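Asks: My structure is below; once you've seen it, I'll send some questions.
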There are 2 protein chains.
Amino acid sequence: MAFFFDKDIEKTEMDSRSSRKVLAHGRDLMACHLYYEAGGTGLPHTHMNTQITTILSGRFEFTLSGDTAVLTSGDSVYIPSGAEHSIACLEKGELIDVFTPEREDFI
Amino acid sequence: MAFFFDKDIEKTEMDSRSSRKVLAHGRDLMACHLYYEAGGTGLPHTHMNTQITTILSGRFEFTLSGDTAVLTSGDSVYIPSGAEHSIACLEKGELIDVFTPEREDFI
């Protein structure tokens with residue numbers, strides 16, 4: 001099945017201030033929708049998957065390989081395979097995370 | 001540069017009813033934001049890049065390898081490398097297209 005319908009997708013609580021939907025995925029590519037309350041964080045981590053994060057709403061502080069930027073709607077970050085990154089939500093918001101290949105730990 | 005800021009990104013008109021921003025890209029991955037007016041179309045085409053399309057708003061008829069579905073906010077489609085696909089905008093809206101590897105013809 002190549003179509004993925006929002007009505008069929010469960011939201012997974014990551015912690016008390018963040019949750020995630022896996023929107024669509026296959027071997028080569030995965031898209032996720034993340035929801036953060038202010039104060040929510042993604043602690044520094046790495047993975048072999050290349051990632052792009054795109055902010056839909058809210059305000060986030062993003063750190064990639066030691067560089068930090070404040071991102072708002074329409075801003076993005078490209079995260080090469082193995083690069084350490086973290087996020088802190090400054091104002092409640094949503095973002096899209098995409099990965100290649102798919103994050104097998106999310107399914 | 002791994003951060004991409006919306007204020008620096010130009011919108012490219014694809015035709016009179018659709019336009020595109022390349023949000024972020026690197027060798028392995030690209031994210032684009034597309035804007036459609038009702039009646040806008042993406043005619044049937046193929047490419048070697050694997051793609052996910054996620055609808056942000058509006059209403060679209062999407063055809064993938066002969067299967068058609070109507071997609072609205074939060075719905076997605078996973079398009080394997082080489083699979084023929086097309087889109088027709090039924091109600092004005094926006095979507096995110098992601099590709100692996102990046103679409104070199106977009107940059």
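Letters A, B, ... mark the chains of the structure tokens in the order given; residue numbers begin at 1 per chain; ligand numbers begin at 1, in order shown.
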Which residues of range 4-95 of chain B come within 10 Å of range 50-67 of chain A, and for each one, what is the closest pair of atoms and their distance in Å to one decimal, counting only C-alpha atoms, sorted by chain and residue number, as a tab-separated table?
Replies:
residue	atom	partner	partner_atom	distance
B:Phe4	CA	A:Thr54	CA	9.2
B:Phe5	CA	A:Thr54	CA	9.9
B:Asp6	CA	A:Ile55	CA	9.9
B:Leu23	CA	A:Thr54	CA	7.7
B:Ala24	CA	A:Ile52	CA	7.2
B:His25	CA	A:Ile52	CA	7.9
B:Gly26	CA	A:Ile52	CA	9.3
B:Arg27	CA	A:Thr50	CA	9.7
B:Asp28	CA	A:Thr50	CA	7.0
B:Leu29	CA	A:Thr50	CA	7.2
B:Met30	CA	A:Ile52	CA	7.6
B:Ala31	CA	A:Ile52	CA	7.2
B:Cys32	CA	A:Thr54	CA	9.7
B:His33	CA	A:Thr54	CA	9.9
B:Leu56	CA	A:Leu56	CA	9.4
Asks: Among chain A, which ones does DSSP assign to strand (DSSP E or B) (computed from the backbone)? Answer as number ranges by chain.
Replies: A: 3-4, 12-15, 18-26, 29-36, 41-45, 50-64, 67-71, 76-79, 85-100
Asks: Please identify every residue of chain B that has at least one atom no more than 6 Å from any atom of chain A, counting only C-alpha atoms, and report them as a list in words.
Replies: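 That gives Ala2, Phe3, Phe4, Phe5, Asp6, Gly74, Asp75, Ser76, Val77 and Tyr78 of chain B for chain B.
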Asks: Find the spatial neighbours of Leu43 in chain A, counting only C-alpha atoms, within a cut-off of 9 Å - ignore same-chain residues fewer than 6 positions away - and output them as a list in words.
Replies: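 Within the cut-off, the hits are His85, Ser86, Ile87 and Ala88 of chain A.
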Asks: Next, write the just-selected residues to a file, as a PDB file, in the first residue's frame, keeping N, CA and C atoms as the atom set.
Replies:
ATOM      1  N   HIS A  85      22.755  16.061  16.648  1.00  0.00           N
ATOM      2  CA  HIS A  85      21.768  17.148  16.610  1.00  0.00           C
ATOM      3  C   HIS A  85      20.826  17.051  17.803  1.00  0.00           C
ATOM      4  N   SER A  86      20.232  18.212  18.133  1.00  0.00           N
ATOM      5  CA  SER A  86      19.269  18.277  19.232  1.00  0.00           C
ATOM      6  C   SER A  86      18.307  19.415  18.965  1.00  0.00           C
ATOM      7  N   ILE A  87      17.178  19.389  19.662  1.00  0.00           N
ATOM      8  CA  ILE A  87      16.145  20.412  19.454  1.00  0.00           C
ATOM      9  C   ILE A  87      15.524  20.781  20.788  1.00  0.00           C
ATOM     10  N   ALA A  88      15.155  22.053  20.916  1.00  0.00           N
ATOM     11  CA  ALA A  88      14.425  22.515  22.097  1.00  0.00           C
ATOM     12  C   ALA A  88      13.281  23.390  21.601  1.00  0.00           C
TER      13      ALA A  88
END
Asks: DSSP on the backbone, helix (DSSP H, G or I) only: what residues of chain B does that give? Format it as a list in words.
Replies: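 Matching residues, listed in order: Asp6, Lys7, Asp8, Glu104, Asp105 and Phe106 of chain B.
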Asks: Figure out the distance between CA of Leu90 in chain A and CA of Thr12 in chain A, please, to one decimal in Å.
Replies: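 Between these atoms lies a distance of 21.2 Å.
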Asks: Between CA of Thr41 in chain A and CA of Asp15 in chain A, what is the distance, to one decimal in Å?
Replies: 9.2 Å
Asks: Suppose you want the space between CA of Gly39 in chain A and CA of Glu13 in chain A; what is it in Å?
Replies: 15.1 Å
